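Q: What follows is my_file28.pdb; its format and atoms are PDB, C-alpha atoms and all ligand atoms.
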```
ATOM      1  CA  MET F   1      13.044  -8.903 -16.603
ATOM      2  CA  LYS F   2      12.315  -7.205 -19.863
ATOM      3  CA  TYR F   3      11.006  -3.881 -18.604
ATOM      4  CA  ASN F   4      12.618  -1.334 -16.348
ATOM      5  CA  TRP F   5       9.962  -1.275 -13.618
ATOM      6  CA  SER F   6      12.094   0.563 -11.012
ATOM      7  CA  VAL F   7      10.173  -1.146  -8.219
ATOM      8  CA  ILE F   8      11.643  -2.694  -5.057
ATOM      9  CA  GLY F   9      10.735  -6.362  -4.657
ATOM     10  CA  HIS F  10       7.630  -8.088  -5.985
ATOM     11  CA  GLU F  11       9.688  -9.858  -8.656
ATOM     12  CA  LYS F  12       7.308 -12.803  -8.897
ATOM     13  CA  GLN F  13       4.322 -10.564  -9.479
ATOM     14  CA  LEU F  14       6.170  -8.492 -12.093
ATOM     15  CA  GLU F  15       7.239 -11.659 -13.888
ATOM     16  CA  LEU F  16       3.636 -12.828 -14.022
ATOM     17  CA  LEU F  17       2.616  -9.505 -15.544
ATOM     18  CA  GLU F  18       5.437  -9.669 -18.064
ATOM     19  CA  ARG F  19       4.350 -13.157 -19.030
ATOM     20  CA  ASP F  20       0.843 -11.866 -19.719
ATOM     21  CA  LEU F  21       2.268  -8.999 -21.770
ATOM     22  CA  GLU F  22       4.587 -11.247 -23.778
ATOM     23  CA  SER F  23       2.039 -13.935 -24.495
ATOM     24  CA  GLY F  24      -0.554 -11.362 -25.521
ATOM     25  CA  LYS F  25      -2.911 -12.857 -22.963
ATOM     26  CA  LEU F  26      -3.576  -9.739 -20.938
ATOM     27  CA  ALA F  27      -6.586  -9.914 -18.674
ATOM     28  CA  HIS F  28      -9.029  -7.050 -19.101
ATOM     29  CA  ALA F  29      -8.908  -6.396 -15.364
ATOM     30  CA  TYR F  30      -6.189  -6.804 -12.747
ATOM     31  CA  LEU F  31      -6.606  -6.482  -9.025
ATOM     32  CA  LEU F  32      -3.434  -5.965  -7.009
ATOM     33  CA  VAL F  33      -4.068  -7.078  -3.438
ATOM     34  CA  GLY F  34      -1.926  -6.507  -0.352
ATOM     35  CA  PRO F  35      -1.143  -4.257   2.634
ATOM     36  CA  ASN F  36      -0.908  -0.516   2.057
ATOM     37  CA  SER F  37       2.358   1.318   1.289
ATOM     38  CA  ILE F  38       4.032  -1.616  -0.449
ATOM     39  CA  GLY F  39       3.924  -0.077  -3.907
ATOM     40  CA  LYS F  40       0.825  -1.640  -5.454
ATOM     41  CA  PHE F  41      -0.315   1.564  -7.095
ATOM     42  CA  THR F  42       3.219   2.220  -8.309
ATOM     43  CA  VAL F  43       3.195  -1.170 -10.031
ATOM     44  CA  ALA F  44      -0.234  -0.349 -11.472
ATOM     45  CA  ARG F  45       1.058   2.921 -12.909
ATOM     46  CA  LYS F  46       4.167   1.281 -14.340
ATOM     47  CA  LEU F  47       2.005  -1.342 -16.019
ATOM     48  CA  ALA F  48      -0.042   1.474 -17.535
ATOM     49  CA  GLY F  49       3.221   2.989 -18.796
ATOM     50  CA  ILE F  50       4.238  -0.307 -20.386
ATOM     51  CA  LEU F  51       0.848  -0.610 -22.048
ATOM     52  CA  GLN F  52       0.888   2.914 -23.468
ATOM     53  CA  CYS F  53       4.544   3.231 -24.489
ATOM     54  CA  GLU F  54       5.260   2.227 -28.061
ATOM     55  CA  ASN F  55       8.898   1.682 -27.332
ATOM     56  CA  ASP F  56       9.120  -1.007 -24.620
ATOM     57  CA  PHE F  57       8.555   1.376 -21.697
ATOM     58  CA  CYS F  58      11.426   3.676 -22.619
ATOM     59  CA  HIS F  59      10.773   6.238 -19.813
ATOM     60  CA  ASN F  60      11.578   8.942 -22.375
ATOM     61  CA  CYS F  61       8.727   9.286 -24.822
ATOM     62  CA  ARG F  62       5.663  11.452 -24.476
ATOM     63  CA  ASN F  63       3.447   8.511 -23.513
ATOM     64  CA  CYS F  64       5.780   7.436 -20.711
ATOM     65  CA  GLU F  65       6.081  10.971 -19.410
ATOM     66  CA  GLN F  66       2.343  11.653 -19.537
ATOM     67  CA  VAL F  67       1.397   8.453 -17.732
ATOM     68  CA  GLU F  68       3.961   9.247 -15.036
ATOM     69  CA  LYS F  69       2.609  12.783 -14.654
ATOM     70  CA  ASN F  70      -0.995  11.642 -14.772
ATOM     71  CA  CYS F  71      -1.906  13.675 -17.844
ATOM     72  CA  HIS F  72      -2.123  10.928 -20.455
ATOM     73  CA  ILE F  73      -5.367  11.269 -22.365
ATOM     74  CA  ASP F  74      -6.269   7.565 -22.376
ATOM     75  CA  THR F  75      -4.963   6.630 -18.951
ATOM     76  CA  ILE F  76      -7.540   7.456 -16.328
ATOM     77  CA  GLN F  77      -6.205   7.495 -12.782
ATOM     78  CA  MET F  78      -8.617   7.396  -9.851
ATOM     79  CA  LYS F  79      -6.158   7.865  -7.045
ATOM     80  CA  GLY F  80      -7.026   8.084  -3.368
ATOM     81  CA  SER F  81      -7.565   5.995  -0.302
ATOM     82  CA  ARG F  82     -10.239   7.655   1.783
ATOM     83  CA  GLU F  83     -12.821   9.509  -0.244
ATOM     84  CA  SER F  84     -15.539   7.108  -1.316
ATOM     85  CA  LEU F  85     -16.231   6.394  -4.972
ATOM     86  CA  LYS F  86     -19.883   7.043  -5.663
ATOM     87  CA  ILE F  87     -22.262   6.030  -8.391
ATOM     88  CA  GLU F  88     -21.762   9.429 -10.095
ATOM     89  CA  ASP F  89     -18.034   8.700 -10.332
ATOM     90  CA  VAL F  90     -18.726   5.364 -12.026
ATOM     91  CA  ARG F  91     -21.233   7.025 -14.360
ATOM     92  CA  LYS F  92     -18.636   9.575 -15.379
ATOM     93  CA  LEU F  93     -16.190   6.761 -16.013
ATOM     94  CA  VAL F  94     -18.711   4.912 -18.216
ATOM     95  CA  GLU F  95     -19.287   8.077 -20.187
ATOM     96  CA  ARG F  96     -15.575   8.604 -20.619
ATOM     97  CA  LEU F  97     -15.089   4.999 -21.753
ATOM     98  CA  SER F  98     -17.757   5.371 -24.409
ATOM     99  CA  MET F  99     -15.540   7.909 -26.172
ATOM    100  CA  SER F 100     -12.978   6.677 -28.639
ATOM    101  CA  SER F 101      -9.380   6.216 -27.622
ATOM    102  CA  GLN F 102      -6.368   7.485 -29.556
ATOM    103  CA  SER F 103      -3.873   5.267 -27.782
ATOM    104  CA  ARG F 104      -2.966   1.611 -27.900
ATOM    105  CA  HIS F 105      -5.186   1.005 -24.878
ATOM    106  CA  THR F 106      -7.528   2.796 -22.571
ATOM    107  CA  VAL F 107      -6.175   2.117 -19.117
ATOM    108  CA  VAL F 108      -8.212   2.740 -15.985
ATOM    109  CA  LEU F 109      -6.314   2.802 -12.702
ATOM    110  CA  ILE F 110      -8.392   2.684  -9.531
ATOM    111  CA  GLN F 111      -6.652   2.884  -6.185
ATOM    112  CA  THR F 112      -8.217   1.374  -3.052
ATOM    113  CA  ILE F 113     -11.220  -0.014  -4.868
ATOM    114  CA  GLU F 114     -12.987  -0.835  -1.603
ATOM    115  CA  ARG F 115     -13.804   2.898  -1.522
ATOM    116  CA  MET F 116     -16.700   2.171  -3.881
ATOM    117  CA  THR F 117     -20.156   2.351  -2.354
ATOM    118  CA  THR F 118     -22.292  -0.758  -2.933
ATOM    119  CA  GLU F 119     -24.319   1.130  -5.522
ATOM    120  CA  ALA F 120     -21.153   2.213  -7.331
ATOM    121  CA  ALA F 121     -19.687  -1.289  -7.189
ATOM    122  CA  ASN F 122     -22.820  -2.794  -8.702
ATOM    123  CA  SER F 123     -22.724  -0.299 -11.512
ATOM    124  CA  PHE F 124     -18.987  -0.882 -11.993
ATOM    125  CA  LEU F 125     -19.646  -4.613 -12.209
ATOM    126  CA  LYS F 126     -21.573  -4.006 -15.425
ATOM    127  CA  ILE F 127     -18.494  -2.461 -17.092
ATOM    128  CA  LEU F 128     -16.381  -5.361 -15.905
ATOM    129  CA  GLU F 129     -18.855  -7.802 -17.395
ATOM    130  CA  GLU F 130     -18.773  -6.088 -20.758
ATOM    131  CA  PRO F 131     -15.589  -4.054 -20.891
ATOM    132  CA  PRO F 132     -15.264  -1.586 -23.757
ATOM    133  CA  LYS F 133     -12.765  -2.544 -26.457
ATOM    134  CA  LYS F 134      -9.053  -1.962 -25.765
ATOM    135  CA  THR F 135      -9.826  -1.151 -22.128
ATOM    136  CA  ILE F 136      -7.759  -2.526 -19.263
ATOM    137  CA  PHE F 137      -8.597  -1.961 -15.612
ATOM    138  CA  ILE F 138      -5.820  -2.054 -13.035
ATOM    139  CA  MET F 139      -7.088  -1.778  -9.479
ATOM    140  CA  THR F 140      -5.626  -2.016  -6.008
ATOM    141  CA  THR F 141      -7.079  -3.012  -2.651
ATOM    142  CA  ASN F 142      -5.940  -3.842   0.841
ATOM    143  CA  ALA F 143      -9.280  -5.280   1.864
ATOM    144  CA  LEU F 144     -10.238  -8.064  -0.518
ATOM    145  CA  LYS F 145     -12.957  -9.226   1.878
ATOM    146  CA  LEU F 146     -14.843  -5.959   1.503
ATOM    147  CA  LEU F 147     -15.275  -6.365  -2.258
ATOM    148  CA  LEU F 148     -18.263  -7.856  -4.012
ATOM    149  CA  PRO F 149     -17.430 -11.500  -4.870
ATOM    150  CA  THR F 150     -18.938 -10.870  -8.298
ATOM    151  CA  VAL F 151     -16.329  -8.158  -8.890
ATOM    152  CA  VAL F 152     -13.458 -10.303  -7.596
ATOM    153  CA  SER F 153     -14.461 -13.219  -9.817
ATOM    154  CA  ARG F 154     -14.055 -11.052 -12.916
ATOM    155  CA  VAL F 155     -10.496  -9.890 -12.349
ATOM    156  CA  ARG F 156      -7.054 -11.426 -12.392
ATOM    157  CA  LEU F 157      -5.820 -11.368  -8.789
ATOM    158  CA  LEU F 158      -2.206 -10.623  -7.978
ATOM    159  CA  LYS F 159      -1.199 -10.851  -4.332
ATOM    160  CA  PHE F 160       1.536  -8.573  -2.997
ATOM    161  CA  ASN F 161       3.316  -8.806   0.299
ATOM    162  CA  VAL F 162       5.764  -7.047   2.577
ATOM    163  CA  VAL F 163       9.470  -7.870   2.122
ATOM    164  CA  SER F 164      12.031  -8.852   4.757
ATOM    165  CA  VAL F 165      14.153  -6.297   6.606
ATOM    166  CA  ASN F 166      17.362  -7.776   5.145
ATOM    167  CA  TYR F 167      16.072  -7.660   1.595
ATOM    168  CA  LEU F 168      14.921  -4.089   2.005
ATOM    169  CA  HIS F 169      18.282  -3.112   3.464
ATOM    170  CA  LYS F 170      20.115  -4.591   0.489
ATOM    171  CA  LYS F 171      17.868  -2.879  -2.047
ATOM    172  CA  LEU F 172      17.991   0.518  -0.326
ATOM    173  CA  ARG F 173      21.782   0.290  -0.300
ATOM    174  CA  GLU F 174      21.690  -0.259  -4.076
ATOM    175  CA  ILE F 175      19.317   2.618  -4.733
ATOM    176  CA  TYR F 176      20.986   5.063  -2.322
ATOM    177  CA  PRO F 177      24.706   4.213  -2.521
ATOM    178  CA  ASP F 178      25.759   7.483  -0.875
ATOM    179  CA  GLN F 179      23.356   7.365   2.033
ATOM    180  CA  ASP F 180      24.538   6.919   5.625
ATOM    181  CA  GLU F 181      24.496   3.283   6.760
ATOM    182  CA  GLU F 182      22.725   4.243   9.978
ATOM    183  CA  VAL F 183      19.854   5.867   8.033
ATOM    184  CA  ILE F 184      19.446   2.841   5.761
ATOM    185  CA  LYS F 185      19.410   0.546   8.779
ATOM    186  CA  LYS F 186      16.758   2.585  10.537
ATOM    187  CA  VAL F 187      14.575   2.933   7.457
ATOM    188  CA  SER F 188      14.716  -0.830   6.792
ATOM    189  CA  LEU F 189      13.654  -1.498  10.347
ATOM    190  CA  LEU F 190      10.991   1.175  10.632
ATOM    191  CA  SER F 191       9.235   0.684   7.314
ATOM    192  CA  LEU F 192       7.987  -2.718   8.485
ATOM    193  CA  GLY F 193       8.830  -4.383   5.167
ATOM    194  CA  LYS F 194       6.708  -1.908   3.234
ATOM    195  CA  THR F 195       8.705  -0.839   0.219
ATOM    196  CA  GLY F 196       6.640   2.234  -0.597
ATOM    197  CA  LYS F 197       6.948   3.387   2.983
ATOM    198  CA  ALA F 198      10.727   2.811   2.878
ATOM    199  CA  ILE F 199      11.111   5.092  -0.129
ATOM    200  CA  SER F 200       8.993   7.828   1.422
ATOM    201  CA  LEU F 201      11.082   7.657   4.618
ATOM    202  CA  MET F 202      14.298   7.865   2.574
ATOM    203  CA  GLU F 203      13.004  10.871   0.678
ATOM    204  CA  ASN F 204      11.511  12.671   3.641
ATOM    205  CA  PRO F 205      13.885  13.297   6.583
ATOM    206  CA  GLU F 206      11.159  14.948   8.661
ATOM    207  CA  LEU F 207       8.955  11.891   8.438
ATOM    208  CA  LEU F 208      11.914   9.658   9.249
ATOM    209  CA  ALA F 209      12.667  11.750  12.334
ATOM    210  CA  LYS F 210       9.084  11.271  13.467
ATOM    211  CA  TYR F 211       9.337   7.493  13.021
ATOM    212  CA  ILE F 212      12.641   7.367  14.886
ATOM    213  CA  LYS F 213      11.136   9.334  17.754
ATOM    214  CA  ILE F 214       8.178   6.963  18.017
ATOM    215  CA  TYR F 215      10.574   4.019  17.848
ATOM    216  CA  HIS F 216      12.432   5.374  20.890
ATOM    217  CA  ASP F 217       9.126   6.015  22.645
ATOM    218  CA  VAL F 218       8.145   2.378  22.086
ATOM    219  CA  GLN F 219      11.444   1.122  23.515
ATOM    220  CA  ASN F 220      11.046   3.425  26.459
ATOM    221  CA  PHE F 221       7.557   2.187  26.989
ATOM    222  CA  LEU F 222       8.458  -1.430  27.208
ATOM    223  CA  ASP F 223      11.110  -0.636  29.827
ATOM    224  CA  HIS F 224       9.025   1.656  31.998
ATOM    225  CA  LYS F 225       5.717   0.643  33.394
ATOM    226  CA  ASN F 226       4.474   3.916  34.876
ATOM    227  CA  ILE F 227       0.804   4.024  33.915
ATOM    228  CA  HIS F 228       0.516   7.835  34.276
ATOM    229  CA  ASP F 229       3.275   8.330  31.735
ATOM    230  CA  ARG F 230       1.605   5.873  29.410
ATOM    231  CA  PHE F 231      -1.767   7.593  29.599
ATOM    232  CA  ALA F 232      -0.087  10.948  29.043
ATOM    233  CA  TYR F 233       1.514   9.418  25.950
ATOM    234  CA  VAL F 234      -1.884   8.312  24.664
ATOM    235  CA  GLU F 235      -2.983  11.944  24.855
ATOM    236  CA  ARG F 236      -0.024  12.967  22.752
ATOM    237  CA  LEU F 237      -0.639  10.195  20.229
ATOM    238  CA  LEU F 238      -4.196  11.358  19.744
ATOM    239  CA  GLU F 239      -3.129  14.920  19.003
ATOM    240  CA  GLU F 240      -1.971  14.092  15.505
ATOM    241  CA  GLU F 241      -3.606  12.031  12.822
ATOM    242  CA  ASN F 242      -1.885   8.763  11.805
ATOM    243  CA  GLN F 243       0.395   8.765  14.839
ATOM    244  CA  THR F 244      -1.514   5.948  16.478
ATOM    245  CA  ASP F 245      -1.099   3.730  13.404
ATOM    246  CA  ILE F 246       2.638   4.436  13.274
ATOM    247  CA  PHE F 247       2.958   3.721  16.992
ATOM    248  CA  LEU F 248       1.057   0.424  16.816
ATOM    249  CA  GLY F 249       2.986  -0.666  13.710
ATOM    250  CA  ILE F 250       6.368  -0.010  15.293
ATOM    251  CA  LEU F 251       5.303  -1.576  18.601
ATOM    252  CA  LYS F 252       4.310  -4.746  16.730
ATOM    253  CA  ASN F 253       7.592  -4.793  14.887
ATOM    254  CA  VAL F 254       9.664  -4.366  18.045
ATOM    255  CA  LEU F 255       7.772  -7.177  19.767
ATOM    256  CA  ARG F 256       8.135  -9.478  16.743
ATOM    257  CA  THR F 257      11.875  -8.814  16.655
ATOM    258  CA  LYS F 258      12.081  -9.687  20.356
ATOM    259  CA  ILE F 259      10.132 -12.914  19.815
ATOM    260  CA  LEU F 260      12.310 -13.940  16.857
ATOM    261  CA  GLY F 261      15.398 -13.150  18.911
ATOM    262  CA  GLY F 262      14.251 -15.684  21.537
ATOM    263  CA  ASP F 263      13.400 -13.123  24.205
ATOM    264  CA  ARG F 264      12.559 -14.728  27.551
ATOM    265  CA  ALA F 265       9.186 -12.993  27.688
ATOM    266  CA  SER F 266       8.135 -14.264  24.241
ATOM    267  CA  LYS F 267       4.894 -15.766  25.483
ATOM    268  CA  LYS F 268       3.827 -12.449  26.932
ATOM    269  CA  HIS F 269       4.847 -10.662  23.716
ATOM    270  CA  ILE F 270       2.735 -12.999  21.587
ATOM    271  CA  ASN F 271      -0.178 -12.273  23.855
ATOM    272  CA  THR F 272       0.458  -8.534  23.533
ATOM    273  CA  LEU F 273       0.627  -8.809  19.736
ATOM    274  CA  SER F 274      -2.856 -10.258  19.610
ATOM    275  CA  LYS F 275      -4.080  -7.453  21.899
ATOM    276  CA  ILE F 276      -2.567  -4.908  19.510
ATOM    277  CA  GLU F 277      -4.386  -6.572  16.610
ATOM    278  CA  ASP F 278      -7.658  -6.352  18.551
ATOM    279  CA  THR F 279      -7.005  -2.689  19.322
ATOM    280  CA  GLY F 280      -6.306  -2.033  15.639
ATOM    281  CA  ILE F 281      -9.657  -3.572  14.698
ATOM    282  CA  LEU F 282     -11.470  -1.548  17.362
ATOM    283  CA  LEU F 283      -9.857   1.671  16.155
ATOM    284  CA  LYS F 284     -10.995   0.999  12.588
ATOM    285  CA  HIS F 285     -14.541   0.730  13.825
ATOM    286  CA  ASN F 286     -14.594   4.235  15.277
ATOM    287  CA  VAL F 287     -14.736   3.237  18.920
ATOM    288  CA  ASN F 288     -13.522   5.687  21.556
ATOM    289  CA  LYS F 289      -9.864   5.833  20.564
ATOM    290  CA  ARG F 290      -8.599   7.001  23.937
ATOM    291  CA  LEU F 291     -10.356   4.182  25.773
ATOM    292  CA  ALA F 292      -9.095   1.504  23.368
ATOM    293  CA  LEU F 293      -5.503   2.749  23.608
ATOM    294  CA  GLU F 294      -5.549   3.140  27.390
ATOM    295  CA  ASN F 295      -6.872  -0.370  27.678
ATOM    296  CA  LEU F 296      -3.940  -1.596  25.584
ATOM    297  CA  MET F 297      -1.472   0.399  27.686
ATOM    298  CA  ILE F 298      -2.660  -1.264  30.869
ATOM    299  CA  ASN F 299      -2.017  -4.634  29.285
ATOM    300  CA  LEU F 300       1.414  -3.957  27.815
TER     301      LEU F 300
HETATM  302 ZN    ZN J   1       8.063   5.368 -23.706
END
```
Is it possible to express this structure as structure tokens?
Ligand SMILES: [Zn+2]

A:
Amino acid sequence: MKYNWSVIGHEKQLELLERDLESGKLAHAYLLVGPNSIGKFTVARKLAGILQCENDFCHNCRNCEQVEKNCHIDTIQMKGSRESLKIEDVRKLVERLSMSSQSRHTVVLIQTIERMTTEAANSFLKILEEPPKKTIFIMTTNALKLLLPTVVSRVRLLKFNVVSVNYLHKKLREIYPDQDEEVIKKVSLLSLGKTGKAISLMENPELLAKYIKIYHDVQNFLDHKNIHDRFAYVERLLEEENQTDIFLGILKNVLRTKILGGDRASKKHINTLSKIEDTGILLKHNVNKRLALENLMINL
């Protein structure tokens, strides 16, 4: 590859982007689609760096540095995953885009674009239909189905996916040559193929410890069937935000590994996996979390 992206995996997607850059056939809007924590926004920011750097993405010049630090005057970053994007936000963006740009491009990065309210999305659609000169939108989503089809039809879609445990292990070994083998093994296993997650676990020992603890809890769980202990565990899961997601993710991964390893109870595990999926959907829809989790525990 021509540019130093410093990204784990996603080679095919990066090659496609490089082809667009080389041929001068850049789309005016890109939408990077795929599960969260796999580095979509990182790729988006690197692409912005490539577009703004006058020296083949040198990682040294002022443009490179400013894009990285999110203080580049013509690179607008709307980062976030929860807070909704309202019509006022889009209006402000339109206003900003009407001003002249001093750089090679005006790049607009929007993370988790499904955060837009319908009103905001409709207003945003108008900019996509008639994008200001030199402007390139790079957006990310993990819920393509929630977007207006009229928005999706006006962007170049790039699909991203999780990587395999073996691949991740190999790459982490390259990036962290001095790290303990045991840590690399655990991170590869626990990050569920999500490259962004893998890096944050490598860089954050406290978070890794939390994941390892939940991993042991999951193992323990599958061996012991005491329903009182399980319900008590649900209570503990609910005490801290995000813990439930981590627990369900690791549980799925452990079951998948068992199925792939030809475990005798594979049929039951497949059944459990679909129950976990159902629970995940229920939890997203703000049902009574405790009830949904207890129901899953009974069925494990
Ligand atoms: Zn540069």

Q: Once the PyMOL selection byres (((chain F and resi 1-5) around 10) and not hetatm) is applied to the coordinates I shared, what remains selected? I want it as a ChimeraX atom specification.

A: /F:6-8,11,14-15,18-19,22,42-43,45-47,49-50,56-59

Q: Would you work out the distance separating CA of Leu283 (chain F) from CA of Pro205 (chain F), expressed in Å to one decimal?

A: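 Atom-to-atom, CA of Leu283 (chain F) to CA of Pro205 (chain F), that is 28.1 Å.
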
Q: Please evaluate the PyMOL selection byres (((chain F and resi 96) around 12) and not hetatm) against the displayed coordinates and give the resulting residues as a PyMOL selection string.

A: chain F and resi 73-76+89-95+97-101+106-108+127+132+135

Q: I need the output of the PyMOL selection byres (((chain F and resi 241-257) around 10) and not hetatm) for this file as a VMD selection string; which residues are they?

A: chain F and resid 189 to 193 210 to 219 221 to 222 234 236 to 240 258 to 263 265 to 266 268 to 270 272 to 274 276 to 277 279 to 280 283 289 293

Q: Determine the nearest neighbour of ligand ZN 1 (chain J) from the options F:Leu109, F:Ala48, F:Ala29, F:Leu16, counting only C-alpha atoms and all ligand atoms.

A: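 Going through F:Leu109, F:Ala48, F:Ala29, F:Leu16 one by one, the smallest distance to ligand ZN 1 (chain J) is for F:Ala48.
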
Q: Which is closest to ligand ZN 1 (chain J) among F:Lys170, F:Lys186, F:Arg62, F:Lys40, if we use only C-alpha atoms and all ligand atoms?

A: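 Looking only at the distances to ligand ZN 1 (chain J), the closest residue turns out to be F:Arg62.
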
Q: Out of F:Leu51, F:Cys61, F:His28, F:Lys12, which residue has the shortest atom-to-atom distance to ligand ZN 1 (chain J) when counting all atoms listed in the file?

A: F:Cys61

Q: Step by step: start from the point (-18.6, -5.7, -3.0) in the file's coordinates, keep every protein, DNA or RNA residue that has an atom no farther than 8 Å from it, count all atoms listed in the file, and write the set as a short mmCIF file (atom, residue, chain, number, x, y, z; two decimals) with C-alpha atoms, keeping the file's coordinate frame.

A:
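As written to disk, part23.cif reads:
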```
data_model
loop_
_atom_site.label_atom_id
_atom_site.label_comp_id
_atom_site.auth_asym_id
_atom_site.auth_seq_id
_atom_site.Cartn_x
_atom_site.Cartn_y
_atom_site.Cartn_z
CA GLU F 114 -12.99 -0.84 -1.60
CA THR F 118 -22.29 -0.76 -2.93
CA ALA F 121 -19.69 -1.29 -7.19
CA ASN F 122 -22.82 -2.79 -8.70
CA LEU F 146 -14.84 -5.96 1.50
CA LEU F 147 -15.28 -6.36 -2.26
CA LEU F 148 -18.26 -7.86 -4.01
CA PRO F 149 -17.43 -11.50 -4.87
CA THR F 150 -18.94 -10.87 -8.30
CA VAL F 151 -16.33 -8.16 -8.89
#
```

Q: I need every residue sitting at most 6 Å from the point (-7.6, -8.2, -9.7) (coordinates as in the file, only C-alpha atoms considered), written as a list of chain:residue names.

A: F:Tyr30, F:Leu31, F:Leu32, F:Val155, F:Arg156, F:Leu157

Q: Report, in Å to a single decimal, how far apart CA of Met139 (chain F) and CA of Asn63 (chain F) are.

A: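 For CA of Asn63 (chain F) relative to CA of Met139 (chain F), the distance reads 20.3 Å.
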
Q: So the first atom is CA of Ser153 (chain F) and the second is CA of Ala27 (chain F); what is the distance between them in Å, to one decimal place?

A: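 Distance between the two atoms: 12.3 Å.
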
Q: Which residue is closest to ligand ZN 1 (chain J)? Choose from F:His10, F:Asp20, F:Glu68, F:Ile298 and count all atoms listed in the file.

A: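 Counting all atoms listed in the file, the residue closest to ligand ZN 1 (chain J) is F:Glu68.
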
Q: Can you take the partial region 44-56 of chain F, add N, CA and C atoms, and return it as a short mmCIF file (atom, residue, chain, number, x, y, z; two decimals), keeping the file's coordinate frame?

A:
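Wrote it out as selection-v8.cif, contents follow:
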```cif
data_model
loop_
_atom_site.label_atom_id
_atom_site.label_comp_id
_atom_site.auth_asym_id
_atom_site.auth_seq_id
_atom_site.Cartn_x
_atom_site.Cartn_y
_atom_site.Cartn_z
N ALA F 44 0.90 -0.58 -10.57
CA ALA F 44 -0.23 -0.35 -11.47
C ALA F 44 0.11 0.73 -12.50
N ARG F 45 0.72 1.83 -12.00
CA ARG F 45 1.06 2.92 -12.91
C ARG F 45 2.15 2.53 -13.90
N LYS F 46 3.10 1.74 -13.43
CA LYS F 46 4.17 1.28 -14.34
C LYS F 46 3.57 0.39 -15.43
N LEU F 47 2.64 -0.47 -15.03
CA LEU F 47 2.00 -1.34 -16.02
C LEU F 47 1.27 -0.49 -17.06
N ALA F 48 0.63 0.57 -16.59
CA ALA F 48 -0.04 1.47 -17.54
C ALA F 48 0.98 2.07 -18.49
N GLY F 49 2.15 2.44 -17.95
CA GLY F 49 3.22 2.99 -18.80
C GLY F 49 3.65 1.99 -19.86
N ILE F 50 3.83 0.74 -19.44
CA ILE F 50 4.24 -0.31 -20.39
C ILE F 50 3.19 -0.46 -21.49
N LEU F 51 1.92 -0.42 -21.07
CA LEU F 51 0.85 -0.61 -22.05
C LEU F 51 0.77 0.54 -23.05
N GLN F 52 1.05 1.75 -22.58
CA GLN F 52 0.89 2.91 -23.47
C GLN F 52 2.14 3.25 -24.27
N CYS F 53 3.31 2.88 -23.78
CA CYS F 53 4.54 3.23 -24.49
C CYS F 53 4.68 2.37 -25.74
N GLU F 54 5.12 2.99 -26.82
CA GLU F 54 5.26 2.23 -28.06
C GLU F 54 6.68 1.73 -28.22
N ASN F 55 7.49 1.99 -27.21
CA ASN F 55 8.90 1.68 -27.33
C ASN F 55 9.43 0.92 -26.10
N ASP F 56 8.71 -0.15 -25.74
CA ASP F 56 9.12 -1.01 -24.62
C ASP F 56 9.35 -0.26 -23.31
#
```
